[in-house]
$ cat work36.tsv   # TSV, C-alpha atoms
chain	number	residue	atom	x	y	z
H	1	MET	CA	0.00	0.00	0.00
H	2	ASP	CA	1.30	3.43	-0.75
H	3	THR	CA	1.24	6.57	1.36
H	4	ARG	CA	-1.33	8.32	-0.81
H	5	PHE	CA	-3.74	5.41	-0.25
H	6	THR	CA	-3.28	5.27	3.53
H	7	GLU	CA	-3.56	9.05	3.82
H	8	LEU	CA	-6.80	8.89	1.84
H	9	LEU	CA	-8.18	6.19	4.16
H	10	THR	CA	-7.29	7.92	7.43
H	11	PRO	CA	-10.16	10.47	7.63
H	12	PHE	CA	-12.71	7.68	7.09
H	13	LEU	CA	-11.43	5.60	10.02
H	14	LYS	CA	-12.72	7.33	13.14
H	15	PHE	CA	-11.39	4.62	15.48
H	16	LEU	CA	-7.88	4.50	14.01
H	17	GLY	CA	-6.32	6.76	16.64
H	18	GLU	CA	-2.54	6.58	16.54
H	19	ARG	CA	-2.47	3.11	14.98
H	20	GLU	CA	-0.86	2.48	11.61
H	21	ILE	CA	-3.02	1.26	8.75
H	22	THR	CA	-1.81	-2.23	7.89
H	23	PRO	CA	-3.04	-4.50	5.07
H	24	ASP	CA	-4.98	-6.65	7.54
H	25	ALA	CA	-6.62	-3.69	9.31
H	26	SER	CA	-10.38	-4.22	9.45
H	27	LEU	CA	-11.99	-1.14	7.94
H	28	ARG	CA	-15.30	-1.80	9.72
H	29	GLU	CA	-13.63	-2.15	13.12
H	30	LEU	CA	-11.78	1.11	12.48
H	31	GLY	CA	-15.07	2.91	11.88
H	32	LEU	CA	-15.86	2.71	8.16
H	33	ASP	CA	-19.62	2.43	7.67
H	34	SER	CA	-21.55	1.83	4.45
H	35	MET	CA	-22.18	5.52	3.72
H	36	GLN	CA	-18.51	6.34	4.24
H	37	ALA	CA	-17.55	3.41	2.01
H	38	ILE	CA	-19.39	5.13	-0.86
H	39	GLU	CA	-17.62	8.42	-0.14
H	40	LEU	CA	-14.32	6.57	0.09
H	41	LEU	CA	-14.99	4.90	-3.24
H	42	PHE	CA	-15.50	8.29	-4.93
H	43	ALA	CA	-12.38	9.68	-3.24
H	44	ILE	CA	-10.30	6.73	-4.44
H	45	GLU	CA	-11.59	7.04	-7.98
H	46	ASP	CA	-10.92	10.79	-8.05
H	47	THR	CA	-7.48	10.55	-6.44
H	48	PHE	CA	-6.20	7.66	-8.52
H	49	GLY	CA	-8.08	8.44	-11.74
H	50	VAL	CA	-9.67	5.01	-12.08
H	51	THR	CA	-13.11	3.47	-11.98
H	52	LEU	CA	-13.40	0.48	-9.70
H	53	PRO	CA	-15.50	-2.33	-11.22
H	54	ASP	CA	-19.06	-2.65	-9.90
H	55	ASP	CA	-18.44	-6.38	-9.37
H	56	ASP	CA	-15.81	-5.48	-6.77
H	57	MET	CA	-18.06	-3.20	-4.74
H	58	ASN	CA	-18.90	-5.64	-1.96
H	59	ASP	CA	-18.18	-6.38	1.69
H	60	ASP	CA	-15.10	-8.45	0.84
H	61	THR	CA	-13.47	-5.53	-0.97
H	62	PHE	CA	-14.08	-3.18	1.95
H	63	ALA	CA	-13.19	-5.78	4.62
H	64	THR	CA	-9.57	-4.73	5.08
H	65	ALA	CA	-7.22	-2.04	3.84
H	66	GLY	CA	-5.33	-4.74	1.96
H	67	SER	CA	-8.39	-6.08	0.16
H	68	LEU	CA	-9.34	-2.58	-0.97
H	69	TRP	CA	-5.74	-1.92	-2.05
H	70	THR	CA	-5.75	-5.16	-4.09
H	71	VAL	CA	-8.88	-4.09	-5.99
H	72	LEU	CA	-7.42	-0.63	-6.56
H	73	CYS	CA	-4.15	-2.08	-7.90
H	74	ALA	CA	-6.05	-4.37	-10.26
H	75	ALA	CA	-8.03	-1.39	-11.60
H	76	LEU	CA	-4.82	0.63	-12.03
H	77	ASP	CA	-3.17	-2.28	-13.86
H	78	ALA	CA	-6.20	-2.72	-16.13
H	79	GLN	CA	-6.20	0.99	-16.93
H	80	HIS	CA	-2.48	0.91	-17.66
H	81	GLN	CA	-2.95	-2.06	-20.01
H	82	GLN	CA	-5.74	-0.22	-21.86
H	83	VAL	CA	-3.57	2.87	-22.31
H	84	LYS	CA	-0.66	0.73	-23.45
H	85	ALA	CA	-2.82	-1.08	-26.01
H	86	ALA	CA	-4.24	2.15	-27.43
$ encode --input "work36.tsv" --output "structure tokens"
Amino acid sequence: MDTRFTELLTPFLKFLGEREITPDASLRELGLDSMQAIELLFAIEDTFGVTLPDDDMNDDTFATAGSLWTVLCAALDAQHQQVKAA
């Protein structure tokens, strides 16, 4: 996970406190609710310039920071491949 991603997550995690965001950090336990997940989704798409696939918008994706990062990386890779092929 990169710094830009963890900095983007931080304001959405009201129970984070002084803890570090690790890949196995439970986003729900750290305070992310369903409404914030939607706001976070838009923030990720705006910040990283990608559209996350609708099929990946589920509880598993938003379970941990690492699972969300994995989906983001896949979307970035797919976008990069499309640009490369064009």
$ closest_atom_pairs --input "work36.tsv" --of "stretch 52-77 of chain H" --to "stretch 18-31 of chain H" --cutoff "6 Å" --atoms "only C-alpha atoms" --output "tab-separated table"
residue	atom	partner	partner_atom	distance
H:Ala63	CA	H:Ser26	CA	5.8
H:Thr64	CA	H:Ser26	CA	4.5
H:Ala65	CA	H:Pro23	CA	5.0
H:Gly66	CA	H:Pro23	CA	3.9
$ closest_atom_pairs --input "work36.tsv" --of "stretch 2-68 of chain H" --to "stretch 73-79 of chain H" --cutoff "10 Å" --atoms "all atoms listed in the file" --output "JSON lines"
{"residue": "H:Glu45", "atom": "CA", "partner": "H:Ala75", "partner_atom": "CA", "distance": 9.8}
{"residue": "H:Phe48", "atom": "CA", "partner": "H:Leu76", "partner_atom": "CA", "distance": 8.0}
{"residue": "H:Gly49", "atom": "CA", "partner": "H:Leu76", "partner_atom": "CA", "distance": 8.5}
{"residue": "H:Val50", "atom": "CA", "partner": "H:Leu76", "partner_atom": "CA", "distance": 6.5}
{"residue": "H:Thr51", "atom": "CA", "partner": "H:Ala75", "partner_atom": "CA", "distance": 7.0}
{"residue": "H:Leu52", "atom": "CA", "partner": "H:Ala75", "partner_atom": "CA", "distance": 6.0}
{"residue": "H:Pro53", "atom": "CA", "partner": "H:Ala75", "partner_atom": "CA", "distance": 7.5}
{"residue": "H:Ser67", "atom": "CA", "partner": "H:Cys73", "partner_atom": "CA", "distance": 9.9}
{"residue": "H:Leu68", "atom": "CA", "partner": "H:Cys73", "partner_atom": "CA", "distance": 8.7}
$ write_last_selection --input "work36.tsv" --atoms "C-alpha atoms" --output "PDB file, in the frame of the given file"
ATOM      1  CA  GLU H  45     -11.590   7.040  -7.980  1.00  0.00           C
ATOM      2  CA  PHE H  48      -6.200   7.660  -8.520  1.00  0.00           C
ATOM      3  CA  GLY H  49      -8.080   8.440 -11.740  1.00  0.00           C
ATOM      4  CA  VAL H  50      -9.670   5.010 -12.080  1.00  0.00           C
ATOM      5  CA  THR H  51     -13.110   3.470 -11.980  1.00  0.00           C
ATOM      6  CA  LEU H  52     -13.400   0.480  -9.700  1.00  0.00           C
ATOM      7  CA  PRO H  53     -15.500  -2.330 -11.220  1.00  0.00           C
ATOM      8  CA  SER H  67      -8.390  -6.080   0.160  1.00  0.00           C
ATOM      9  CA  LEU H  68      -9.340  -2.580  -0.970  1.00  0.00           C
TER      10      LEU H  68
END
$ closest_residue --input "work36.tsv" --among "H:Leu13, H:Asp55, H:Leu41, H:Gln81" --to "H:Trp69" --atoms "all atoms listed in the file"
H:Leu41
$ residues_around --input "work36.tsv" --residues "H:Phe5" --least-positions-apart "3" --cutoff "8 Å" --atoms "all atoms listed in the file" --output "list in words"
Met1, Asp2, Leu8, Leu9, Ile44 and Trp69 of chain H
$ residues_around --input "work36.tsv" --residues "H:Ser34" --least-positions-apart "5" --cutoff "10 Å" --atoms "all atoms listed in the file" --output "PyMOL selection string"
chain H and resi 28+39-40+59+62
$ atom_distance --input "work36.tsv" --atom1 "atom CA of H:Gln36" --atom2 "atom CA of H:Leu72"
17.0 Å
$ atom_distance --input "work36.tsv" --atom1 "atom CA of H:Lys14" --atom2 "atom CA of H:Asp54"
25.9 Å
$ atom_distance --input "work36.tsv" --atom1 "atom CA of H:Ala43" --atom2 "atom CA of H:Phe12"
10.5 Å
$ closest_residue --input "work36.tsv" --among "H:Met35, H:Pro11, H:Val71, H:Arg4" --to "H:Thr47" --atoms "all atoms listed in the file"
H:Arg4
